[in-house]
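The structure file target_23.txt is reproduced below (compact mmCIF, C-alpha atoms).
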```txt
# COMPACT_ATOMS: atom_id res chain seq x y z
CA MET A 1 61.84 92.71 76.80
CA SER A 2 64.36 91.46 74.33
CA GLY A 3 65.48 91.92 70.76
CA LEU A 4 67.37 94.61 68.91
CA PRO A 5 65.25 97.68 69.87
CA PHE A 6 65.69 96.79 73.54
CA THR A 7 69.43 96.28 73.14
CA LEU A 8 69.83 99.65 71.40
CA ALA A 9 67.75 101.40 74.06
CA PHE A 10 69.90 99.80 76.77
CA LEU A 11 73.13 100.89 75.08
CA GLY A 12 71.68 104.40 74.95
CA ASP A 13 70.97 104.23 78.69
CA VAL A 14 74.53 103.05 79.36
CA TRP A 15 75.97 105.89 77.27
CA SER A 16 73.97 108.59 79.05
CA PHE A 17 74.93 106.97 82.37
CA VAL A 18 78.62 107.32 81.43
CA GLN A 19 78.09 110.97 80.42
CA GLU A 20 76.24 111.84 83.63
CA ASN A 21 78.92 110.27 85.85
CA ALA A 22 81.95 110.98 83.67
CA ASP A 23 83.96 112.88 86.30
CA GLU A 24 83.61 110.26 89.03
CA LEU A 25 84.28 107.35 86.65
CA ALA A 26 87.38 109.07 85.23
CA GLU A 27 88.64 109.67 88.77
CA GLY A 28 88.12 105.99 89.65
CA LEU A 29 89.80 104.81 86.47
CA ARG A 30 92.78 107.12 87.10
CA ASN A 31 93.21 105.81 90.66
CA THR A 32 92.96 102.18 89.51
CA LEU A 33 95.61 102.76 86.85
CA GLU A 34 97.85 104.75 89.22
CA VAL A 35 97.84 102.09 91.96
CA SER A 36 98.30 99.36 89.32
CA ALA A 37 101.29 101.13 87.76
CA ILE A 38 103.02 101.61 91.12
CA ALA A 39 102.37 97.99 92.10
CA VAL A 40 103.49 96.50 88.78
CA ALA A 41 106.75 98.49 88.92
CA GLY A 42 107.25 97.57 92.60
CA ALA A 43 106.48 93.89 92.00
CA PHE A 44 108.98 93.88 89.12
CA VAL A 45 111.80 95.29 91.28
CA ILE A 46 111.02 93.03 94.28
CA GLY A 47 110.76 89.97 92.04
CA LEU A 48 114.01 90.76 90.26
CA VAL A 49 116.08 91.38 93.42
CA LEU A 50 114.63 88.66 95.67
CA GLY A 51 114.30 86.19 92.77
CA ALA A 52 118.02 86.62 92.06
CA ALA A 53 118.84 86.24 95.77
CA ARG A 54 116.79 83.03 95.91
CA ALA A 55 118.27 81.56 92.72
CA HIS A 56 121.85 82.31 93.77
CA ARG A 57 121.21 81.31 97.40
CA VAL A 58 122.48 84.59 98.88
CA PRO A 59 122.72 83.78 102.62
CA VAL A 60 120.07 85.30 104.98
CA VAL A 61 118.38 87.27 102.15
CA SER A 62 117.41 84.01 100.44
CA GLN A 63 115.87 82.50 103.58
CA ALA A 64 114.08 85.74 104.50
CA ALA A 65 112.70 85.95 100.94
CA ALA A 66 111.45 82.35 101.17
CA VAL A 67 109.52 83.14 104.37
CA TYR A 68 108.08 86.31 102.79
CA VAL A 69 106.97 84.39 99.67
CA GLU A 70 105.32 81.54 101.60
CA VAL A 71 103.48 83.82 104.05
CA ILE A 72 102.06 86.03 101.28
CA ARG A 73 101.21 83.19 98.88
CA ASN A 74 99.46 81.11 101.52
CA THR A 75 97.28 83.81 103.09
CA PRO A 76 94.44 85.68 101.35
CA ILE A 77 95.33 89.16 100.09
CA LEU A 78 92.08 90.48 101.55
CA VAL A 79 93.25 89.48 105.05
CA GLN A 80 96.61 91.16 104.33
CA ILE A 81 94.73 94.36 103.46
CA PHE A 82 92.70 94.07 106.69
CA MET A 83 95.96 93.64 108.62
CA LEU A 84 97.54 96.77 107.13
CA TYR A 85 94.47 98.99 107.35
CA PHE A 86 92.38 97.78 110.30
CA ALA A 87 94.91 96.01 112.58
CA LEU A 88 98.11 98.08 112.44
CA PRO A 89 96.47 101.13 114.12
CA GLN A 90 96.30 98.96 117.28
CA VAL A 91 100.09 99.43 117.57
CA GLY A 92 99.95 103.07 116.50
CA ILE A 93 100.77 102.59 112.79
CA ARG A 94 98.13 104.45 110.79
CA LEU A 95 98.42 104.17 106.99
CA ASP A 96 96.03 106.10 104.75
CA ALA A 97 93.90 104.28 102.16
CA PHE A 98 96.13 105.22 99.21
CA THR A 99 99.26 103.87 100.97
CA VAL A 100 97.55 100.60 101.89
CA ALA A 101 96.18 100.36 98.32
CA TRP A 102 99.52 100.43 96.54
CA LEU A 103 101.51 98.81 99.36
CA SER A 104 99.30 95.72 99.71
CA VAL A 105 99.21 94.85 95.99
CA THR A 106 102.96 95.57 95.70
CA ILE A 107 103.77 93.20 98.58
CA TRP A 108 101.43 90.58 97.09
CA GLY A 109 102.71 90.90 93.51
CA GLY A 110 106.32 91.00 94.71
CA ALA A 111 105.96 87.64 96.47
CA PHE A 112 104.51 85.93 93.40
CA ASN A 113 107.09 87.60 91.16
CA THR A 114 109.96 86.43 93.38
CA GLU A 115 108.87 82.86 92.62
CA ASN A 116 108.48 83.66 88.89
CA PHE A 117 111.97 85.14 88.61
CA ARG A 118 113.57 82.48 90.83
CA ALA A 119 112.19 79.75 88.56
CA GLY A 120 113.32 81.72 85.47
CA PHE A 121 116.87 82.27 86.74
CA GLU A 122 117.19 78.65 87.89
CA ALA A 123 116.11 77.46 84.44
CA VAL A 124 119.20 79.07 82.85
CA PRO A 125 121.58 76.16 82.10
CA VAL A 126 124.80 76.14 84.15
CA ARG A 127 126.87 75.83 80.95
CA TYR A 128 125.67 79.32 79.90
CA ARG A 129 127.12 80.76 83.09
CA GLU A 130 130.29 78.74 82.58
CA ALA A 131 130.49 80.19 79.08
CA GLY A 132 130.12 83.66 80.64
CA ALA A 133 132.95 82.89 83.07
CA ALA A 134 135.10 81.66 80.17
CA LEU A 135 134.50 85.02 78.47
CA GLY A 136 135.92 86.73 81.56
CA PHE A 137 132.66 87.83 83.27
CA ARG A 138 132.63 87.85 87.06
CA GLY A 139 129.73 87.20 89.49
CA VAL A 140 127.51 90.25 89.09
CA SER A 141 128.36 90.84 85.42
CA THR A 142 127.59 87.19 84.62
CA PHE A 143 124.18 87.74 86.21
CA LEU A 144 123.55 91.01 84.30
CA ASN A 145 124.80 89.75 80.94
CA VAL A 146 123.85 86.06 80.94
CA THR A 147 121.38 84.99 83.64
CA LEU A 148 119.14 88.10 83.53
CA PRO A 149 118.56 88.37 79.76
CA ILE A 150 117.83 84.63 79.42
CA GLY A 151 116.17 83.86 82.77
CA GLY A 152 114.15 87.10 82.68
CA ARG A 153 112.61 85.99 79.40
CA ILE A 154 111.85 82.51 80.73
CA ALA A 155 110.09 84.21 83.67
CA LEU A 156 108.15 86.60 81.42
CA PRO A 157 104.90 84.65 80.80
CA SER A 158 104.35 83.81 84.49
CA SER A 159 105.27 87.32 85.65
CA ILE A 160 102.79 88.75 83.12
CA ASN A 161 100.01 86.74 84.73
CA THR A 162 101.09 88.16 88.09
CA TYR A 163 100.85 91.76 86.75
CA ILE A 164 97.34 91.09 85.39
CA SER A 165 96.31 89.66 88.79
CA VAL A 166 97.79 92.75 90.47
CA VAL A 167 95.56 95.00 88.35
CA LYS A 168 92.47 92.92 89.14
CA ASN A 169 93.33 92.87 92.86
CA THR A 170 93.21 96.68 93.04
CA SER A 171 89.40 96.21 93.03
CA LEU A 172 89.74 94.81 96.58
CA MET A 173 90.55 98.36 97.78
CA TYR A 174 86.77 98.72 97.89
CA VAL A 175 86.97 97.33 101.46
CA ILE A 176 89.10 100.31 102.60
CA ALA A 177 86.96 102.76 100.55
CA TYR A 178 89.90 103.86 98.41
CA PRO A 179 88.19 105.57 95.43
CA GLU A 180 89.30 103.27 92.61
CA LEU A 181 86.95 102.04 89.89
CA THR A 182 84.94 99.51 91.93
CA THR A 183 84.49 101.80 94.95
CA VAL A 184 83.42 104.70 92.72
CA ALA A 185 80.99 102.50 90.76
CA LEU A 186 79.30 101.27 93.95
CA GLN A 187 79.04 104.83 95.27
CA ILE A 188 77.37 105.92 92.01
CA ASN A 189 75.06 102.90 92.23
CA ALA A 190 74.03 103.82 95.77
CA LEU A 191 73.15 107.37 94.64
CA THR A 192 71.50 106.69 91.28
CA LEU A 193 70.15 103.13 91.72
CA GLU A 194 70.97 102.59 88.03
CA THR A 195 72.27 99.12 88.88
CA THR A 196 72.33 97.47 85.43
CA GLU A 197 74.07 100.47 83.86
CA THR A 198 76.60 100.72 86.71
CA PHE A 199 77.71 97.10 86.54
CA THR A 200 77.72 97.02 82.73
CA VAL A 201 80.13 99.97 82.73
CA LEU A 202 82.21 98.48 85.56
CA ALA A 203 82.55 95.09 83.84
CA ILE A 204 83.37 96.65 80.44
CA SER A 205 86.01 98.87 82.08
CA TYR A 206 87.84 95.95 83.72
CA LEU A 207 87.61 93.73 80.64
CA THR A 208 88.97 96.57 78.49
CA ILE A 209 91.91 97.14 80.88
CA VAL A 210 92.72 93.44 81.35
CA TRP A 211 92.23 92.42 77.72
CA SER A 212 94.23 95.29 76.24
CA LEU A 213 96.94 94.73 78.85
CA SER A 214 97.24 91.07 77.88
CA ILE A 215 97.33 91.94 74.16
CA VAL A 216 100.08 94.56 74.65
CA ILE A 217 102.02 92.24 76.91
CA ARG A 218 101.78 89.28 74.49
CA LEU A 219 103.20 91.56 71.79
CA VAL A 220 106.12 92.53 74.03
CA GLU A 221 106.55 88.84 74.86
CA SER A 222 106.79 87.73 71.23
CA HIS A 223 109.16 90.63 70.55
CA LEU A 224 111.43 89.56 73.42
CA ALA A 225 111.08 85.80 72.87
CA LEU A 226 114.33 83.80 72.80
CA PRO A 227 115.35 83.07 69.19
CA GLU A 228 115.18 79.33 69.78
CA ASP A 229 111.57 79.59 71.03
CA SER A 230 110.23 81.51 68.04
CA ARG A 231 110.29 78.60 65.60
CA MET B 1 99.36 80.68 131.72
CA SER B 2 95.74 80.95 130.71
CA LEU B 3 94.15 82.72 127.78
CA PRO B 4 92.40 86.09 128.35
CA ASP B 5 88.62 85.92 128.82
CA TRP B 6 87.76 87.41 125.42
CA VAL B 7 89.47 84.64 123.43
CA GLU B 8 87.19 81.65 124.01
CA PRO B 9 83.86 82.98 122.59
CA VAL B 10 85.68 84.68 119.68
CA ALA B 11 87.55 81.50 118.71
CA ARG B 12 84.43 79.37 119.10
CA TYR B 13 82.34 81.63 116.82
CA MET B 14 85.09 81.98 114.20
CA LEU B 15 85.74 78.24 114.01
CA GLU B 16 82.18 76.91 114.31
CA GLU B 17 80.53 79.52 112.08
CA GLY B 18 83.32 81.10 110.02
CA LEU B 19 85.72 78.25 109.28
CA ALA B 20 82.81 75.84 108.71
CA ASN B 21 81.35 78.15 106.05
CA THR B 22 84.77 78.78 104.49
CA LEU B 23 85.37 75.03 104.10
CA LYS B 24 81.83 74.39 102.82
CA LEU B 25 82.11 77.21 100.29
CA SER B 26 85.55 75.98 99.17
CA ALA B 27 84.26 72.44 98.65
CA ILE B 28 81.20 73.60 96.65
CA ALA B 29 83.32 75.96 94.54
CA LEU B 30 85.93 73.27 93.84
CA VAL B 31 83.40 70.61 92.77
CA GLY B 32 81.37 73.11 90.72
CA SER B 33 84.47 74.55 89.02
CA ALA B 34 85.75 71.04 88.20
CA LEU B 35 82.43 69.82 86.72
CA VAL B 36 81.73 72.94 84.63
CA GLY B 37 85.39 73.53 83.72
CA ILE B 38 86.22 69.98 82.60
CA THR B 39 83.03 69.86 80.48
CA LEU B 40 83.72 73.22 78.82
CA GLY B 41 87.43 72.47 78.36
CA THR B 42 86.66 69.16 76.64
CA LEU B 43 84.03 70.78 74.39
CA LEU B 44 86.64 73.42 73.51
CA THR B 45 88.72 70.75 71.73
CA ILE B 46 85.93 70.23 69.15
CA ARG B 47 86.77 72.07 65.94
CA PHE B 48 83.42 73.83 65.57
CA LEU B 49 83.75 77.59 65.47
CA PRO B 50 80.49 78.75 67.19
CA THR B 51 80.96 76.58 70.33
CA ARG B 52 84.66 77.43 70.47
CA ALA B 53 83.92 81.16 70.23
CA LEU B 54 81.25 80.97 72.96
CA ILE B 55 83.43 78.96 75.38
CA ARG B 56 86.42 81.25 74.67
CA LEU B 57 84.24 84.26 75.50
CA TYR B 58 83.09 82.57 78.74
CA ILE B 59 86.71 81.87 79.76
CA GLU B 60 88.04 85.34 78.89
CA VAL B 61 85.16 87.18 80.60
CA TRP B 62 85.24 85.30 83.92
CA ARG B 63 89.06 85.22 83.99
CA GLY B 64 89.25 88.89 83.04
CA LEU B 65 86.86 90.26 85.68
CA PRO B 66 88.06 90.64 89.28
CA ILE B 67 86.16 88.02 91.36
CA LEU B 68 84.91 90.86 93.56
CA VAL B 69 83.20 92.47 90.55
CA THR B 70 81.69 89.14 89.44
CA ILE B 71 80.27 88.60 92.92
CA PHE B 72 78.86 92.16 92.99
CA ILE B 73 77.20 91.57 89.60
CA ILE B 74 75.54 88.38 90.86
CA PHE B 75 74.53 89.85 94.21
CA PHE B 76 73.42 93.36 93.14
CA ALA B 77 72.86 93.44 89.36
CA LEU B 78 71.04 90.14 88.71
CA PRO B 79 68.14 90.91 91.13
CA ALA B 80 67.72 94.26 89.31
CA ILE B 81 67.14 92.35 86.05
CA SER B 82 64.73 89.78 87.52
CA THR B 83 63.54 89.20 91.08
CA SER B 84 63.86 85.43 90.55
CA LEU B 85 67.65 85.96 90.35
CA ARG B 86 67.94 86.96 94.02
CA PHE B 87 70.51 84.87 95.93
CA ASP B 88 71.70 84.92 99.53
CA ALA B 89 75.32 85.99 100.09
CA LEU B 90 76.84 82.50 100.35
CA THR B 91 75.08 81.27 97.18
CA ALA B 92 76.05 84.40 95.24
CA GLY B 93 79.64 83.91 96.40
CA ALA B 94 79.64 80.24 95.39
CA ILE B 95 78.31 81.12 91.90
CA GLY B 96 80.96 83.83 91.49
CA LEU B 97 83.77 81.50 92.56
CA ILE B 98 82.50 78.75 90.23
CA LEU B 99 82.34 81.11 87.23
CA TRP B 100 85.95 82.17 87.87
CA GLY B 101 87.22 78.69 88.84
CA SER B 102 85.54 76.89 85.92
CA ALA B 103 87.20 79.32 83.48
CA GLN B 104 90.60 78.35 84.96
CA VAL B 105 89.78 74.63 84.84
CA ALA B 106 88.46 74.85 81.25
CA GLU B 107 91.73 76.37 80.06
CA ALA B 108 93.79 73.70 81.86
CA THR B 109 91.53 70.90 80.58
CA ARG B 110 91.89 72.07 76.97
CA GLY B 111 95.67 71.68 77.29
CA ALA B 112 95.46 68.34 79.11
CA VAL B 113 92.97 66.82 76.63
CA GLY B 114 95.00 68.18 73.70
CA SER B 115 98.14 66.48 75.07
CA ILE B 116 96.62 62.98 74.73
CA PRO B 117 98.03 61.42 71.51
CA ARG B 118 95.58 61.01 68.62
CA GLU B 119 96.23 57.22 68.56
CA GLN B 120 94.22 57.05 71.79
CA HIS B 121 91.26 58.67 70.02
CA GLU B 122 91.64 56.32 67.06
CA ALA B 123 91.95 53.22 69.25
CA ALA B 124 88.83 54.20 71.21
CA SER B 125 86.92 54.81 67.97
CA ALA B 126 88.06 51.40 66.67
CA LEU B 127 86.60 49.83 69.82
CA GLY B 128 83.24 51.38 68.88
CA PHE B 129 83.14 54.34 71.32
CA GLY B 130 81.22 57.42 70.18
CA TRP B 131 82.47 60.96 70.95
CA VAL B 132 81.01 61.02 74.47
CA GLY B 133 82.15 57.50 75.42
CA ARG B 134 85.57 58.07 73.91
CA HIS B 135 86.15 61.19 75.99
CA LEU B 136 84.47 59.97 79.17
CA PHE B 137 86.13 56.54 79.37
CA VAL B 138 89.40 56.87 77.44
CA ILE B 139 90.64 60.45 77.04
CA LEU B 140 89.56 62.20 80.27
CA PRO B 141 90.86 59.50 82.67
CA GLN B 142 94.31 60.00 81.12
CA ALA B 143 93.98 63.79 81.00
CA LEU B 144 93.02 63.92 84.69
CA ARG B 145 96.57 62.88 85.67
CA ARG B 146 97.88 66.02 84.00
CA LEU B 147 95.08 68.06 85.50
CA LEU B 148 95.83 67.09 89.10
CA PRO B 149 98.64 69.60 89.90
CA PRO B 150 96.75 72.64 88.53
CA MET B 151 93.61 71.45 90.36
CA VAL B 152 95.46 71.42 93.71
CA GLY B 153 96.80 74.88 92.89
CA LEU B 154 93.27 76.00 92.07
CA LEU B 155 92.02 74.64 95.41
CA VAL B 156 94.53 76.87 97.23
CA ASN B 157 93.34 79.88 95.22
CA ILE B 158 89.68 79.01 95.83
CA ILE B 159 90.21 78.70 99.59
CA GLN B 160 91.93 82.11 99.70
CA ASN B 161 89.38 83.73 97.40
CA THR B 162 86.44 82.63 99.59
CA THR B 163 87.39 85.64 101.78
CA ILE B 164 86.17 87.95 98.98
CA VAL B 165 82.61 86.86 99.85
CA GLN B 166 83.15 88.89 103.04
CA VAL B 167 82.33 92.09 101.14
CA ILE B 168 78.69 91.00 100.66
CA GLY B 169 78.48 89.88 104.30
CA ALA B 170 78.57 86.11 103.93
CA PRO B 171 79.62 84.66 107.33
CA GLU B 172 82.92 83.03 106.28
CA LEU B 173 86.09 83.16 108.41
CA LEU B 174 87.11 86.78 107.65
CA GLU B 175 83.54 88.11 108.10
CA THR B 176 83.16 86.35 111.47
CA ALA B 177 86.56 87.77 112.46
CA GLU B 178 85.47 91.29 111.53
CA ARG B 179 82.21 90.93 113.50
CA GLN B 180 84.19 89.85 116.59
CA VAL B 181 86.71 92.70 116.20
CA GLU B 182 83.82 95.18 116.00
CA ARG B 183 81.97 93.64 118.94
CA LEU B 184 85.11 93.80 121.13
CA THR B 185 85.89 97.36 120.00
CA PHE B 186 82.33 98.33 120.97
CA GLU B 187 82.96 96.80 124.40
CA GLY B 188 86.19 98.80 124.70
CA GLU B 189 88.72 96.09 123.86
CA GLU B 190 91.01 96.36 120.80
CA HIS B 191 92.26 93.04 119.43
CA PRO B 192 92.37 93.30 115.60
CA ILE B 193 96.00 92.17 115.32
CA GLU B 194 95.39 89.00 117.34
CA ILE B 195 92.14 88.17 115.54
CA TYR B 196 93.19 88.94 111.93
CA GLY B 197 96.57 87.36 112.74
CA ALA B 198 94.71 84.19 113.76
CA VAL B 199 92.82 84.28 110.45
CA MET B 200 96.16 84.45 108.60
CA VAL B 201 97.50 81.52 110.64
CA VAL B 202 94.43 79.38 109.90
CA PHE B 203 94.68 80.05 106.15
CA PHE B 204 98.43 79.40 106.20
CA VAL B 205 98.03 76.08 108.01
CA ILE B 206 95.47 74.95 105.40
CA SER B 207 97.23 76.36 102.30
CA PHE B 208 100.90 75.61 102.95
CA PRO B 209 100.65 71.79 102.79
CA LEU B 210 98.50 72.12 99.66
CA THR B 211 101.01 74.37 97.83
CA ARG B 212 103.75 71.88 98.78
CA LEU B 213 101.56 69.06 97.41
CA ALA B 214 100.94 70.96 94.15
CA ALA B 215 104.68 71.58 93.71
CA TYR B 216 105.42 67.90 94.43
CA LEU B 217 102.80 66.65 91.95
CA GLU B 218 104.14 69.04 89.30
CA ARG B 219 107.72 67.81 89.79
CA ARG B 220 106.65 64.16 89.70
CA LEU B 221 104.75 64.68 86.46
CA ALA B 222 107.57 66.59 84.75
```

Write the structure described by the file as structure tokens, please.
Amino acid sequence: MSGLPFTLAFLGDVWSFVQENADELAEGLRNTLEVSAIAVAGAFVIGLVLGAARAHRVPVVSQAAAVYVEVIRNTPILVQIFMLYFALPQVGIRLDAFTVAWLSVTIWGGAFNTENFRAGFEAVPVRYREAGAALGFRGVSTFLNVTLPIGGRIALPSSINTYISVVKNTSLMYVIAYPELTTVALQINALTLETTETFTVLAISYLTIVWSLSIVIRLVESHLALPEDSR
Amino acid sequence: MSLPDWVEPVARYMLEEGLANTLKLSAIALVGSALVGITLGTLLTIRFLPTRALIRLYIEVWRGLPILVTIFIIFFALPAISTSLRFDALTAGAIGLILWGSAQVAEATRGAVGSIPREQHEAASALGFGWVGRHLFVILPQALRRLLPPMVGLLVNIIQNTTIVQVIGAPELLETAERQVERLTFEGEEHPIEIYGAVMVVFFVISFPLTRLAAYLERRLA
């Protein structure tokens, strides 16, 4: 069972599988993209604010952010999801699957992004900030006009990897039965038993999302690259 | 102050069954990822288009797929293609982690091998080493120094990602925790916060020193 005729027949099977389950698959894809978009935006904001607090050693906030980063980075995200969804009801906090879905990947991505941005901001040479001060900028405006544009770009490649990991981690919402792509695919598989077709479509979907995301992001990256790096 | 009665059997099962399997799985995945990844990463430095394209595809596919999906493919889809490709949950998990981990190692190895100056290659050739001997005895030992920090970082990620095997029921730490939570709930006792909290503490105690070590190695190398 190999060769071109077999391959073509299989592709035909996959195509009719997609057509038969189009509604469910589109729903799963939409939920995956929705949760990913919320989490990427949230991780960006958390990383920016806490990364700046860490780099500039803002009292209390900086220490609290360090604890947050270490706890999240050194424990598995799947256990964090279990905590939010299966453990919190013990103390009367009941979050629905959608809330846990976006919240858990946002918390996770935010922790990694705090490190990315902290490293980026700390890599900005002190003399640049001194130059900003010489031009009459004060604390916050030095950050907005000097540290952020330069340090943000230094942090870009590592934060991009975090966003891609965030998208891939949405698949873990299978364990709380949130109907994103993986959950939907396994439900279809349980009903139709078309296992090869199901997993072919699932794998192609994720590779398409992740690969096109990294292509788009690399383009943005080269567009935003610091002049001195683009030689 | 003594511990409540439910704690002792739960802790015993989670440590003896769960943690043991988590550590075993981590060790297998680390060694497998290193062997496959270093081999592929070194082969990737050969300027021969077909092998480069194939290894690139391997790296991009297994890095691009969520590990959960890779493990599902191995556990559910491979047996549908051939019954000889049926694996138990721990084996399927180990294969999935190795596919993902080796893609990471291959990418890091390519950079590390590429960073060794060409004089080293020339000197080894002058001493009569062929391609294999040159890489095995001259280039890789030097590249491994550069590879050490990312390998420690990978170990942390592997240890945390072993929990994903829980979804196919492999008895690692999180799965044993879930079984105990369910057993206690069935007996009318609710302790998920304590039990999943303990799982977090165990992972933190293992991972935190390793992330510190990775950061230290990176600083020392820079």

Atom pair atom CA of Tyr13 of chain B / atom CA of Ala198 of chain B: separation (Å):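 Distance between the two atoms: 13.0 Å.
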
Extract, using all atoms listed in the file, all DNA, RNA and protein residues at most 9 Å from Leu148 of chain B, discarding same-chain residues fewer than 4 positions from it, and format them as a list in words.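 Listed by chain and then number, they are Ala143, Leu144, Val152, Gly153, Ala214, Leu217 and Glu218 of chain B.
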
Using all atoms listed in the file, I'd like a table of the residues in chain B that come within 9 Å of chain A; for each, show the closest atom pair and its distance in Å rounded to one decimal, ordered by chain and ascending number, as CSV.
```
residue,atom,partner,partner_atom,distance
B:Glu60,CA,A:Trp211,CA,8.3
B:Val61,CA,A:Leu207,CA,7.0
B:Gly64,CA,A:Leu207,CA,5.6
B:Leu65,CA,A:Tyr206,CA,6.1
B:Pro66,CA,A:Lys168,CA,5.0
B:Ile67,CA,A:Lys168,CA,8.3
B:Leu68,CA,A:Leu172,CA,6.9
B:Val69,CA,A:Ala203,CA,7.2
B:Thr70,CA,A:Ala203,CA,8.2
B:Phe72,CA,A:Phe199,CA,8.2
B:Ile73,CA,A:Phe199,CA,6.3
B:Phe76,CA,A:Thr195,CA,7.3
B:Ala77,CA,A:Thr196,CA,5.7
B:Leu78,CA,A:Thr196,CA,8.1
B:Ala80,CA,A:Thr195,CA,6.7
B:Ile81,CA,A:Thr196,CA,7.3
B:Val156,CA,A:Asn74,CA,7.8
B:Asn157,CA,A:Pro76,CA,8.5
B:Ile159,CA,A:Pro76,CA,8.3
B:Gln160,CA,A:Pro76,CA,4.7
B:Asn161,CA,A:Pro76,CA,6.7
B:Thr162,CA,A:Pro76,CA,8.7
B:Thr163,CA,A:Leu78,CA,6.7
B:Ile164,CA,A:Leu78,CA,6.9
B:Val167,CA,A:Val175,CA,7.0
B:Leu174,CA,A:Val79,CA,7.2
B:Glu190,CA,A:Gln90,CA,6.9
B:His191,CA,A:Gln90,CA,7.5
B:Pro192,CA,A:Ala87,CA,4.8
B:Ile193,CA,A:Ala87,CA,4.8
B:Glu194,CA,A:Ala87,CA,8.5
B:Ile195,CA,A:Ala87,CA,8.8
B:Tyr196,CA,A:Met83,CA,6.4
B:Gly197,CA,A:Met83,CA,7.5
B:Val199,CA,A:Val79,CA,7.5
B:Met200,CA,A:Thr75,CA,5.7
B:Val201,CA,A:Thr75,CA,7.9
B:Val202,CA,A:Thr75,CA,8.6
B:Phe203,CA,A:Thr75,CA,5.5
B:Phe204,CA,A:Asn74,CA,5.1
B:Val205,CA,A:Asn74,CA,8.3
B:Ile206,CA,A:Asn74,CA,8.3
B:Ser207,CA,A:Asn74,CA,5.3
B:Phe208,CA,A:Asn74,CA,5.9
B:Thr211,CA,A:Asn74,CA,7.8
```

Name the closest residue to Val14 of chain A among the candidates A:Ala37, A:Leu144, A:Leu48, A:Val201; distances are taken between atoms, counting all atoms listed in the file. A:Val201

Residue neighbourhood segment 7-12 of chain B, 8 Å, only C-alpha atoms, exclusion window fewer than 4 positions, as a ChimeraX atom specification: /B:3,16,177,180

Interatomic distance (Å, one decimal) between atom CA of Gly188 of chain B and atom CA of Gly18 of chain B: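 About the pair atom CA of Gly188 of chain B and atom CA of Gly18 of chain B: they are 23.2 Å apart.
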
Near segment 22-30 of chain B, within 7 Å and counting all atoms listed in the file, which residues show up once chain neighbours fewer than 6 positions away are dropped, as a VMD selection string? chain B and resid 94 97 to 98 155 158 to 159 162 172 to 173

Pairwise distance for atom CA of Leu43 of chain B and atom CA of Ala103 of chain B, rounded to one decimal in Å: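 Result for atom CA of Leu43 of chain B versus atom CA of Ala103 of chain B: 12.9 Å, one decimal.
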
Taking (124.5, 80.1, 85.5) in the file's coordinates, which residues come within 10 Å, counting all atoms listed in the file, written as a list in words?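 Using all atoms listed in the file, the matching residues come out as Ala55, His56, Phe121, Glu122, Ala123, Val124, Pro125, Val126, Arg127, Tyr128, Arg129, Glu130, Ala131, Gly132, Ala133, Gly139, Thr142, Phe143, Val146, Thr147, Leu148 and Gly151 of chain A.
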
Residue nearest Ile95 of chain B among B:Gln120, B:Thr83, B:Thr45, B:Ser33 (counting all atoms listed in the file):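 Among the listed residues, B:Ser33 lies closest to Ile95 of chain B.
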
For Ala41 of chain A, work out the shell of residues within 10 Å, counting only C-alpha atoms and skipping chain neighbours fewer than 3 positions away, then give it as a ChimeraX atom specification. /A:36-38,44-47,106,109-110,163

Pick the closest to Asp96 of chain A from A:Ala134, A:Ile160, A:Leu224, A:Ile81: which is it, counting all atoms listed in the file? A:Ile81

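Once all atoms listed in the file are considered, the residues situated within 10 Å of the file point (114.0, 83.7, 100.3) turn out to be Leu50, Gly51, Ala52, Ala53, Arg54, Ala55, Arg57, Val58, Pro59, Val60, Val61, Ser62, Gln63, Ala64, Ala65, Ala66, Val67, Tyr68, Val69, Glu70, Ala111, Thr114, Glu115 and Arg118 of chain A.
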
Determine, counting only C-alpha atoms, which protein, DNA and RNA residues have an atom within 12 Å of an atom of Leu127 of chain B; residues of the same chain fewer than 6 positions away are not included. Present the result as a list in words.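 Skipping anything fewer than 6 positions along the chain leaves Gln120, His121, Gly133, Arg134, Phe137 and Val138 of chain B.
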
Output segment 23-29 of chain A as a compact mmCIF listing (two decimals), in the coordinates of the input, making sure N, CA and C atoms are there.
```txt
# COMPACT_ATOMS: atom_id res chain seq x y z
N ASP A 23 82.87 112.41 85.42
CA ASP A 23 83.96 112.88 86.30
C ASP A 23 84.35 111.83 87.32
N GLU A 24 83.32 111.26 88.00
CA GLU A 24 83.61 110.26 89.03
C GLU A 24 84.27 109.03 88.42
N LEU A 25 83.72 108.55 87.28
CA LEU A 25 84.28 107.35 86.65
C LEU A 25 85.72 107.58 86.22
N ALA A 26 86.01 108.78 85.67
CA ALA A 26 87.38 109.07 85.23
C ALA A 26 88.33 109.09 86.42
N GLU A 27 87.85 109.64 87.54
CA GLU A 27 88.64 109.67 88.77
C GLU A 27 88.94 108.24 89.25
N GLY A 28 87.93 107.38 89.24
CA GLY A 28 88.12 105.99 89.65
C GLY A 28 89.09 105.26 88.75
N LEU A 29 88.92 105.47 87.44
CA LEU A 29 89.80 104.81 86.47
C LEU A 29 91.25 105.27 86.68
```
